[in-house]
Each structure stands twice: as structure tokens, then as C-alpha cells.
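Here is the file model.txt (compact mmCIF, C-alpha atoms).
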# COMPACT_ATOMS: atom_id res chain seq x y z
CA MET A 1 -36.87 -36.28 -118.73
CA THR A 2 -40.49 -35.26 -118.44
CA ILE A 3 -41.48 -31.83 -119.72
CA GLY A 4 -44.37 -29.76 -118.43
CA VAL A 5 -45.74 -26.79 -120.37
CA ILE A 6 -47.16 -23.92 -118.32
CA ILE A 7 -49.45 -21.41 -120.04
CA PRO A 8 -50.67 -18.28 -118.18
CA VAL A 9 -53.94 -16.94 -119.57
CA LEU A 10 -56.28 -13.99 -119.18
CA ASN A 11 -59.21 -13.67 -121.59
CA GLU A 12 -57.59 -15.79 -124.32
CA ALA A 13 -60.74 -17.54 -125.58
CA ARG A 14 -59.91 -16.70 -129.19
CA ARG A 15 -56.53 -18.42 -129.07
CA ILE A 16 -56.18 -20.91 -126.22
CA GLY A 17 -58.04 -23.76 -127.96
CA ARG A 18 -55.75 -23.73 -130.98
CA THR A 19 -52.65 -23.37 -128.85
CA LEU A 20 -53.60 -26.25 -126.56
CA SER A 21 -54.49 -28.56 -129.45
CA HIS A 22 -51.25 -27.73 -131.21
CA THR A 23 -49.13 -28.20 -128.09
CA LEU A 24 -50.84 -31.42 -127.02
CA ALA A 25 -49.98 -33.02 -130.37
CA LEU A 26 -46.26 -32.44 -129.70
CA GLY A 27 -46.10 -35.10 -126.99
CA PHE A 28 -45.41 -33.12 -123.84
CA ASP A 29 -46.12 -34.84 -120.54
CA ASP A 30 -48.22 -32.19 -118.84
CA LEU A 31 -50.01 -29.02 -119.97
CA ILE A 32 -50.97 -26.67 -117.16
CA VAL A 33 -53.12 -23.65 -117.96
CA VAL A 34 -53.16 -21.05 -115.19
CA ASP A 35 -56.03 -18.58 -115.40
CA GLY A 36 -55.73 -15.16 -113.84
CA GLY A 37 -59.46 -14.40 -113.67
CA SER A 38 -60.74 -14.50 -117.24
CA SER A 39 -64.19 -13.07 -117.89
CA ASP A 40 -64.63 -14.70 -121.29
CA GLN A 41 -64.88 -18.39 -122.27
CA THR A 42 -61.20 -19.20 -121.73
CA CYS A 43 -61.77 -21.54 -118.77
CA SER A 44 -64.70 -23.27 -120.43
CA ILE A 45 -62.62 -24.01 -123.53
CA VAL A 46 -59.73 -25.40 -121.49
CA ASP A 47 -62.06 -27.50 -119.34
CA THR A 48 -63.79 -28.94 -122.42
CA LEU A 49 -60.48 -29.93 -124.00
CA ALA A 50 -59.31 -31.51 -120.74
CA ARG A 51 -62.50 -33.56 -120.49
CA GLN A 52 -62.21 -34.68 -124.12
CA LEU A 53 -58.62 -35.78 -123.53
CA GLU A 54 -59.59 -37.75 -120.44
CA ALA A 55 -62.44 -39.42 -122.33
CA ALA A 56 -60.04 -40.40 -125.11
CA ARG A 57 -57.65 -41.87 -122.55
CA LEU A 58 -60.41 -44.03 -121.11
CA VAL A 59 -60.97 -45.51 -124.56
CA GLY A 60 -57.38 -46.68 -124.67
CA PRO A 61 -53.94 -45.50 -123.47
CA ALA A 62 -52.63 -45.29 -127.01
CA SER A 63 -55.36 -42.88 -128.08
CA ALA A 64 -54.15 -39.92 -126.01
CA SER A 65 -50.94 -38.77 -124.35
CA GLY A 66 -50.14 -36.08 -121.84
CA SER A 67 -52.69 -34.22 -119.75
CA ILE A 68 -54.36 -30.83 -119.57
CA ARG A 69 -55.01 -29.18 -116.22
CA LEU A 70 -56.68 -25.88 -115.43
CA LEU A 71 -55.64 -23.88 -112.37
CA SER A 72 -56.57 -20.47 -111.01
CA ALA A 73 -54.15 -17.94 -109.54
CA PRO A 74 -54.06 -14.25 -108.70
CA GLN A 75 -53.74 -12.16 -111.85
CA GLY A 76 -50.19 -11.43 -112.96
CA ARG A 77 -48.02 -13.45 -115.28
CA ALA A 78 -45.32 -14.10 -112.66
CA ARG A 79 -47.86 -15.28 -110.08
CA GLN A 80 -49.60 -17.50 -112.61
CA LEU A 81 -46.33 -19.06 -113.79
CA ASN A 82 -45.22 -19.74 -110.22
CA ALA A 83 -48.57 -21.40 -109.47
CA GLY A 84 -48.13 -23.62 -112.52
CA VAL A 85 -44.65 -24.66 -111.45
CA ALA A 86 -45.90 -25.53 -107.97
CA ALA A 87 -48.50 -27.86 -109.51
CA SER A 88 -46.08 -29.62 -111.86
CA GLN A 89 -43.88 -32.61 -111.06
CA CYS A 90 -42.00 -32.56 -114.36
CA ASP A 91 -38.21 -32.48 -114.70
CA VAL A 92 -38.27 -29.61 -117.18
CA LEU A 93 -40.58 -26.58 -117.25
CA LEU A 94 -41.46 -24.75 -120.46
CA PHE A 95 -43.29 -21.43 -120.26
CA LEU A 96 -45.56 -20.69 -123.20
CA HIS A 97 -47.76 -17.74 -124.13
CA ALA A 98 -51.34 -18.44 -125.14
CA ASP A 99 -50.79 -16.95 -128.60
CA THR A 100 -47.57 -18.84 -129.36
CA HIS A 101 -47.11 -22.14 -131.22
CA LEU A 102 -44.05 -24.32 -130.70
CA PRO A 103 -42.14 -25.89 -133.63
CA PRO A 104 -43.01 -29.47 -134.69
CA HIS A 105 -40.12 -31.14 -132.84
CA ALA A 106 -40.09 -28.85 -129.82
CA ARG A 107 -40.01 -31.65 -127.26
CA GLN A 108 -36.94 -33.27 -128.82
CA ASN A 109 -35.36 -29.84 -129.33
CA VAL A 110 -35.60 -29.20 -125.58
CA LEU A 111 -34.26 -32.65 -124.68
CA ASP A 112 -31.32 -32.21 -127.06
CA ALA A 113 -30.56 -28.78 -125.60
CA LEU A 114 -30.42 -30.22 -122.09
CA CYS A 115 -28.37 -33.33 -122.87
CA ASP A 116 -25.34 -31.29 -121.78
CA ASP A 117 -25.28 -31.09 -117.98
CA THR A 118 -23.92 -27.53 -118.13
CA SER A 119 -27.10 -26.34 -119.87
CA VAL A 120 -29.58 -25.01 -117.34
CA GLY A 121 -32.29 -24.00 -119.79
CA GLY A 122 -32.89 -22.16 -123.00
CA ARG A 123 -35.25 -20.50 -125.40
CA PHE A 124 -36.37 -20.66 -129.04
CA ASP A 125 -35.99 -18.15 -131.83
CA VAL A 126 -39.22 -16.31 -132.64
CA ARG A 127 -41.09 -15.23 -135.73
CA PHE A 128 -44.47 -13.58 -136.11
CA ASP A 129 -47.57 -14.94 -137.80
CA SER A 130 -47.47 -12.14 -140.34
CA ASP A 131 -45.92 -11.85 -143.81
CA ARG A 132 -45.32 -8.12 -143.39
CA THR A 133 -41.71 -7.04 -143.82
CA VAL A 134 -41.83 -5.12 -140.56
CA ALA A 135 -42.87 -8.31 -138.73
CA ARG A 136 -39.84 -10.16 -140.09
CA ILE A 137 -37.55 -7.28 -139.14
CA ILE A 138 -38.90 -7.07 -135.60
CA GLY A 139 -38.62 -10.84 -135.13
CA GLY A 140 -35.04 -10.77 -136.39
CA MET A 141 -34.19 -7.91 -134.02
CA MET A 142 -35.65 -9.82 -131.09
CA ASN A 143 -33.55 -12.89 -131.89
CA LEU A 144 -30.39 -10.81 -132.43
CA ARG A 145 -30.87 -9.01 -129.13
CA SER A 146 -31.29 -12.33 -127.38
CA TYR A 147 -28.09 -13.73 -128.93
CA CYS A 148 -26.10 -10.62 -128.06
CA PHE A 149 -27.23 -10.20 -124.46
CA GLY A 150 -28.20 -13.75 -123.49
CA ILE A 151 -31.63 -12.58 -122.33
CA ALA A 152 -34.95 -14.06 -123.46
CA THR A 153 -38.54 -12.84 -123.35
CA GLY A 154 -41.68 -14.86 -122.75
CA ASP A 155 -42.45 -14.80 -126.48
CA GLN A 156 -39.48 -17.14 -126.99
CA ALA A 157 -40.83 -20.06 -124.92
CA ILE A 158 -38.24 -20.14 -122.14
CA PHE A 159 -37.51 -23.56 -120.64
CA VAL A 160 -35.54 -24.56 -117.54
CA ARG A 161 -34.56 -27.60 -115.52
CA ARG A 162 -36.84 -27.84 -112.50
CA GLU A 163 -34.00 -28.17 -110.00
CA VAL A 164 -32.39 -25.03 -111.44
CA PHE A 165 -35.69 -23.13 -111.18
CA GLU A 166 -35.93 -24.08 -107.53
CA ARG A 167 -32.30 -23.15 -106.94
CA ILE A 168 -32.38 -19.67 -108.49
CA GLY A 169 -35.83 -18.81 -107.18
CA ARG A 170 -39.28 -18.26 -108.56
CA PHE A 171 -40.38 -15.60 -111.00
CA ALA A 172 -40.14 -12.28 -109.21
CA ASP A 173 -43.55 -10.95 -108.14
CA ILE A 174 -43.40 -7.91 -110.40
CA PRO A 175 -46.06 -6.72 -112.88
CA LEU A 176 -43.76 -6.89 -115.92
CA MET A 177 -40.20 -7.73 -116.96
CA GLU A 178 -40.50 -10.98 -115.01
CA ASP A 179 -39.06 -12.83 -118.01
CA ILE A 180 -36.05 -10.50 -118.26
CA ASP A 181 -35.40 -10.74 -114.53
CA PHE A 182 -35.70 -14.53 -114.61
CA THR A 183 -33.36 -15.10 -117.56
CA GLN A 184 -30.80 -12.75 -116.05
CA ARG A 185 -30.65 -15.03 -113.03
CA LEU A 186 -30.85 -18.14 -115.18
CA LYS A 187 -27.84 -17.32 -117.33
CA ARG A 188 -25.76 -16.76 -114.18
CA ALA A 189 -26.60 -20.34 -113.15
CA GLY A 190 -25.14 -21.94 -116.30
CA HIS A 191 -25.40 -22.15 -120.07
CA LEU A 192 -28.62 -20.83 -121.62
CA VAL A 193 -29.22 -22.59 -124.95
CA ALA A 194 -30.36 -20.41 -127.87
CA LEU A 195 -32.31 -22.73 -130.15
CA THR A 196 -32.62 -21.67 -133.79
CA GLU A 197 -35.91 -23.54 -134.19
CA GLN A 198 -38.70 -20.97 -134.28
CA VAL A 199 -41.85 -20.50 -132.28
CA VAL A 200 -44.62 -18.63 -134.10
CA THR A 201 -46.30 -15.90 -132.09
CA SER A 202 -49.07 -13.42 -132.76
CA PHE A 203 -48.35 -10.02 -134.27
CA ARG A 204 -51.61 -8.67 -132.78
CA ARG A 205 -50.05 -6.32 -130.21
CA TRP A 206 -47.85 -4.69 -132.83
CA GLU A 207 -50.73 -4.41 -135.31
CA GLN A 208 -53.13 -2.89 -132.79
CA ASN A 209 -50.80 -0.14 -131.64
CA GLY A 210 -48.68 0.36 -134.74
CA PRO A 211 -45.27 -1.34 -135.14
CA LEU A 212 -43.17 1.83 -134.81
CA ARG A 213 -45.03 3.10 -131.76
CA THR A 214 -44.81 -0.30 -130.10
CA ILE A 215 -41.08 -0.63 -130.82
CA VAL A 216 -40.39 2.79 -129.29
CA LEU A 217 -42.47 2.04 -126.20
CA MET A 218 -41.00 -1.43 -125.64
CA TRP A 219 -37.39 -0.32 -126.04
CA THR A 220 -38.04 2.70 -123.81
CA LEU A 221 -39.52 0.46 -121.11
CA ARG A 222 -36.57 -1.92 -121.30
CA PHE A 223 -34.08 0.95 -121.15
CA LEU A 224 -35.81 2.40 -118.10
CA TYR A 225 -35.81 -1.05 -116.50
CA TRP A 226 -32.08 -1.50 -117.18
CA ILE A 227 -31.28 1.82 -115.49
CA GLY A 228 -33.24 0.81 -112.42
CA VAL A 229 -36.78 2.15 -112.79
CA SER A 230 -39.18 -0.08 -110.83
CA PRO A 231 -41.45 -2.38 -112.88
CA ASN A 232 -44.32 -1.12 -110.73
CA ARG A 233 -43.74 2.39 -112.09
CA LEU A 234 -43.43 1.08 -115.66
CA GLN A 235 -46.67 -0.91 -115.51
CA HIS A 236 -48.88 2.02 -116.54
CA PHE A 237 -46.93 2.56 -119.76
CA TYR A 238 -46.80 -1.16 -120.56
CA SER A 239 -50.58 -1.35 -120.45
CA MET A 240 -50.58 0.87 -123.54
CA VAL A 241 -49.14 -1.94 -125.67
CA ARG A 242 -50.88 -4.96 -124.11
Represent the structure from my file as C-alpha cells, please.
Amino acid sequence: MTIGVIIPVLNEARRIGRTLSHTLALGFDDLIVVDGGSSDQTCSIVDTLARQLEAARLVGPASASGSIRLLSAPQGRARQLNAGVAASQCDVLLFLHADTHLPPHARQNVLDALCDDTSVGGRFDVRFDSDRTVARIIGGMMNLRSYCFGIATGDQAIFVRREVFERIGRFADIPLMEDIDFTQRLKRAGHLVALTEQVVTSFRRWEQNGPLRTIVLMWTLRFLYWIGVSPNRLQHFYSMVR
């Protein structure tokens, strides 16, 4: 199976270069970066890396694998992810945040998870790029919540078979909670594999706003979402922890 990685970005110049270089080295077939209107150097960095990869491929097929493509889409993570899927021809789609690094054997981890035909997709465990005790606790809570409820967030690098994605429908065009909505539908379609291998994601949002304040806000938003409050109404509060 071929695996395409789709990365939505918006002003990620400080991180996208490292993430792309790291992901490219893991042997995925296609890397699609979907920009939502960045005003910094994000697009320039992606374009430079794509050109360098193409130049390396011209030297010899063995010198480079995979591809990097840059697309533009209306701002909004769901819209950007859907645009990336539309541009990919891969059998499996993996959705990755610009500040998240996959584990060393991520490609094989995904293939192993999907060797069972009843598995429709999955996600990784997560840990933060911080040695602080609170970072380890929050990461552990996120993984435990995912195990208990079978729901994954974008931080956990969700992956799905393409034919299942097309069957259950695109990411809902909502300003937030698109990952929760999607994995709710995904787990109804079949088995969602919870990989214990860990992605490493940035602790920046928690550091900027304070871990306790961010925890309270995020859990409040999720509770309000679960009881039926529209994501459009929740968007204002979510912007406080972006």
C-alpha cells in the first residue's frame, strides 16, 4: 500500500522545514503540504525543499524517494485536509500537524496496523517535546482518553484507508473539532488501531497559555461540543489557546 502524508499549515515557517525533512526520511510515498494563506516564509521553505528533492531525483532514482507537493486551500484545517486528500492518489492517508514528528518506523507501523482487513485506520500515542512533569502527565491523559473513548485528535497523527475516507465522508467543514467528528465516524466504520508507538509534538501551546489554563479550556470546549454546542460558537474560545 502507498501512504500519503497530508500536512495543513498556516505560518509554520519555524517548524515545517524540520518536520518535512524528518518525515521525508521515513520513506512515505507522497508528502502534501496544504497552505491556508501563510504570511511568513512557510511556502518558500516548502517550495525550496521540493525543488531540492526533485534535483536529487534527477541525479539518480536511488538518491531520493517520495515527493513533496505544495497546495493552497481556503484557511481552515478541515478544508486544507480535504484539499490534500483530493490531490493524493495513495491507498492510505496520514494526517500530520506541522509541529509533530512521527516515530522512526512509522510507515511500517501503519502498514502493520492495516494488515487486518477489519482495521479502517488508526492513530499513534503522543508525547510532548518537553521534559516537564506536567507535559508527561498531559500526554498520558491524552493517550488514556483515546484508549477509553476510541477517539483521536490531530496531534496523534490519524491515518485511514482511502476507500474508507471516501465512504464515510470528508472532514466536516467546521472550524474546530474536525478530528473528533472524523474519528467518531471512523470508529463506526470498523476497528480503529491504537498504536503505542509515539509521535512527538510541540508543547508550545501549553507553555504559552499555561498548562492548567489550557487543560481547563480544552476540556471545557470538548464538554460543550459533546453536549451539542456548535463548533462555530466554540471557535472564539478555541482561539485563546491556539
#### Entry: Selection: 12 Å around Met177 in chain A, only C-alpha atoms, excl. self and same-chain fewer than 5 positions, as an MDAnalysis selection string
chainID A and resid 76:78 151:154 171:172 182:184 218 221:226 228:235 238
### Task
Would you work out the distance separating CA of Ser88 in chain A from CA of Ile7 in chain A, expressed in Å to one decimal?
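Spanning CA of Ser88 in chain A to CA of Ile7 in chain A is a straight-line distance of 12.1 Å.
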### Query
Which residues, written as a ChimeraX atom specification, have at least one atom at most 10 Å from Ala98 in chain A, with all atoms listed in the file counted and residues fewer than 4 positions away on the same chain left out?
/A:6-20,33,155,201-202
### Query
For the atom pair CA of Val126 in chain A and CA of Met142 in chain A, what is the interatomic distance in Å to one decimal place?
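So the two atoms, CA of Val126 in chain A and CA of Met142 in chain A, lie 7.6 Å apart.
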Find the residues of range 149-175 of chain A that sit at most 10 Å from range 108-117 of chain A; for each, write down the nearest two atoms and how far apart they are in Å, to one decimal. Count all atoms listed in the file. Sort by chain, then by number going up, and give it as a tab-separated table.
residue	atom	partner	partner_atom	distance
A:Phe159	CA	A:Val110	CA	7.7
A:Val160	CA	A:Leu114	CA	8.9
A:Arg161	CA	A:Leu114	CA	8.2
### Query
Can you tell me how far CA of Met141 in chain A sits from CA of Pro211 in chain A, in Å to one decimal?
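Value for the CA of Met141 in chain A-CA of Pro211 in chain A distance: 12.9 Å.
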### Minimum-distance residue to Leu71 in chain A, chosen among A:Arg167, A:Ile158, A:Val34, A:Pro104 (using all atoms listed in the file)
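Comparing A:Arg167, A:Ile158, A:Val34, A:Pro104 against Leu71 in chain A, the winner is A:Val34.
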### Message
From the options A:Ala157, A:Ile215, A:Ile174, A:Val120, which residue's atoms come nearest to Gly190 in chain A, counting only C-alpha atoms?
### Response
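The shortest atom-to-atom distance to Gly190 in chain A comes from A:Val120.
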### Message
Using all atoms listed in the file, list the residues that have an atom at most 12 Å from (-53.2, -31.7, -132.8), coordinates as in the file, as a ChimeraX atom specification.
### Response
/A:17-28,49,53,64-65,101-102,104
### Task
May I ask which of the residues A:Ala50, A:Ile227, A:Ile168, A:Ala135 is the closest one to Arg205 in chain A, counting only C-alpha atoms?
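The answer is A:Ala135, which sits nearest to Arg205 in chain A.
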#### Entry: Minimum-distance residue to Val164 in chain A, chosen among A:Val193, A:Asp179, A:Trp219, A:Asp91 (using only C-alpha atoms)
A:Asp91
Dump as a PDB file with C-alpha atoms, in the coordinates of the input all residues having an atom at most 7 Å from (-41.5, -15.5, -133.9), computed in the file's coordinates with all atoms listed in the file.
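Listed below is the output, part_10.pdb:
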ATOM      1  CA  ASP A 125     -35.990 -18.150-131.830  1.00  0.00           C
ATOM      2  CA  VAL A 126     -39.220 -16.310-132.640  1.00  0.00           C
ATOM      3  CA  ARG A 127     -41.090 -15.230-135.730  1.00  0.00           C
ATOM      4  CA  PHE A 128     -44.470 -13.580-136.110  1.00  0.00           C
ATOM      5  CA  GLY A 139     -38.620 -10.840-135.130  1.00  0.00           C
ATOM      6  CA  GLN A 198     -38.700 -20.970-134.280  1.00  0.00           C
ATOM      7  CA  VAL A 199     -41.850 -20.500-132.280  1.00  0.00           C
ATOM      8  CA  VAL A 200     -44.620 -18.630-134.100  1.00  0.00           C
ATOM      9  CA  THR A 201     -46.300 -15.900-132.090  1.00  0.00           C
TER      10      THR A 201
END
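For Arg51 in chain A, the non-local neighbours within 12 Å, defined as residues at least 5 positions apart in the same chain or in other chains and counting only C-alpha atoms, are Ser44, Ile45, Val46, Ala56, Arg57, Leu58, Ala64, Ser67, Ile68, Arg69 and Leu70 of chain A.
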How about saving the chosen residues, C-alpha atoms kept, as a CSV table (one decimal), keeping the file's coordinate frame?
chain,number,residue,atom,x,y,z
A,44,SER,CA,-64.7,-23.3,-120.4
A,45,ILE,CA,-62.6,-24.0,-123.5
A,46,VAL,CA,-59.7,-25.4,-121.5
A,56,ALA,CA,-60.0,-40.4,-125.1
A,57,ARG,CA,-57.6,-41.9,-122.6
A,58,LEU,CA,-60.4,-44.0,-121.1
A,64,ALA,CA,-54.2,-39.9,-126.0
A,67,SER,CA,-52.7,-34.2,-119.8
A,68,ILE,CA,-54.4,-30.8,-119.6
A,69,ARG,CA,-55.0,-29.2,-116.2
A,70,LEU,CA,-56.7,-25.9,-115.4
Output file request: range 50-137 of chain A, with C-alpha atoms, as a compact mmCIF listing (two decimals), in the first residue's frame.
# COMPACT_ATOMS: atom_id res chain seq x y z
CA ALA A 50 10.51 20.27 -3.01
CA ARG A 51 12.94 21.66 -5.59
CA GLN A 52 15.92 20.16 -3.77
CA LEU A 53 14.22 16.76 -3.69
CA GLU A 54 13.43 16.92 -7.40
CA ALA A 55 17.03 17.89 -8.17
CA ALA A 56 18.28 14.93 -6.14
CA ARG A 57 15.94 12.62 -8.03
CA LEU A 58 17.34 13.81 -11.35
CA VAL A 59 20.80 12.79 -10.18
CA GLY A 60 19.63 9.24 -9.67
CA PRO A 61 16.47 7.40 -8.56
CA ALA A 62 18.24 5.86 -5.59
CA SER A 63 19.23 9.26 -4.20
CA ALA A 64 15.71 10.37 -3.25
CA SER A 65 12.35 8.77 -2.54
CA GLY A 66 8.86 10.13 -2.20
CA SER A 67 7.76 13.60 -3.24
CA ILE A 68 6.84 16.94 -1.70
CA ARG A 69 3.97 18.98 -3.09
CA LEU A 70 2.67 22.37 -2.01
CA LEU A 71 -1.01 23.24 -2.42
CA SER A 72 -3.15 26.18 -1.41
CA ALA A 73 -6.64 25.98 0.06
CA PRO A 74 -9.06 28.21 1.96
CA GLN A 75 -7.96 28.62 5.57
CA GLY A 76 -9.32 26.03 7.98
CA ARG A 77 -7.78 22.73 8.94
CA ALA A 78 -10.71 20.66 7.65
CA ARG A 79 -10.71 22.43 4.28
CA GLN A 80 -6.95 22.10 3.95
CA LEU A 81 -7.01 18.39 4.81
CA ASN A 82 -9.81 17.72 2.33
CA ALA A 83 -7.85 19.55 -0.38
CA GLY A 84 -4.83 17.39 0.36
CA VAL A 85 -6.85 14.20 0.12
CA ALA A 86 -8.29 15.28 -3.23
CA ALA A 87 -4.76 15.73 -4.58
CA SER A 88 -3.45 12.38 -3.34
CA GLN A 89 -3.71 9.03 -5.11
CA CYS A 90 -2.31 6.99 -2.22
CA ASP A 91 -4.03 3.97 -0.68
CA VAL A 92 -3.60 5.26 2.87
CA LEU A 93 -3.83 8.84 4.13
CA LEU A 94 -1.97 10.06 7.22
CA PHE A 95 -2.78 13.48 8.65
CA LEU A 96 0.13 15.20 10.36
CA HIS A 97 0.49 18.50 12.19
CA ALA A 98 3.36 20.77 11.22
CA ASP A 99 4.85 20.61 14.72
CA THR A 100 4.67 16.82 15.07
CA HIS A 101 7.35 14.22 14.31
CA LEU A 102 6.47 10.61 13.55
CA PRO A 103 8.36 7.67 15.14
CA PRO A 104 11.28 6.09 13.21
CA HIS A 105 9.29 3.14 11.83
CA ALA A 106 6.02 4.97 11.30
CA ARG A 107 5.48 3.72 7.76
CA GLN A 108 5.83 0.07 8.77
CA ASN A 109 3.74 0.72 11.90
CA VAL A 110 0.87 1.92 9.71
CA LEU A 111 1.21 -0.98 7.28
CA ASP A 112 1.21 -3.49 10.15
CA ALA A 113 -1.86 -1.84 11.68
CA LEU A 114 -3.76 -2.19 8.41
CA CYS A 115 -2.75 -5.76 7.58
CA ASP A 116 -6.04 -6.80 9.19
CA ASP A 117 -8.89 -6.07 6.78
CA THR A 118 -11.18 -5.11 9.67
CA SER A 119 -8.89 -2.19 10.57
CA VAL A 120 -10.09 1.00 8.90
CA GLY A 121 -7.45 3.31 10.31
CA GLY A 122 -5.72 4.30 13.49
CA ARG A 123 -3.61 6.74 15.42
CA PHE A 124 -0.36 6.91 17.40
CA ASP A 125 0.25 7.59 21.06
CA VAL A 126 1.58 11.09 21.73
CA ARG A 127 4.22 12.67 23.91
CA PHE A 128 5.41 16.25 24.12
CA ASP A 129 8.85 17.63 23.33
CA SER A 130 9.27 18.74 26.93
CA ASP A 131 10.83 17.08 29.97
CA ARG A 132 8.44 18.84 32.35
CA THR A 133 6.41 16.53 34.55
CA VAL A 134 3.21 18.30 33.57
CA ALA A 135 3.95 17.58 29.89
CA ARG A 136 4.28 13.87 30.61
CA ILE A 137 1.06 13.88 32.62
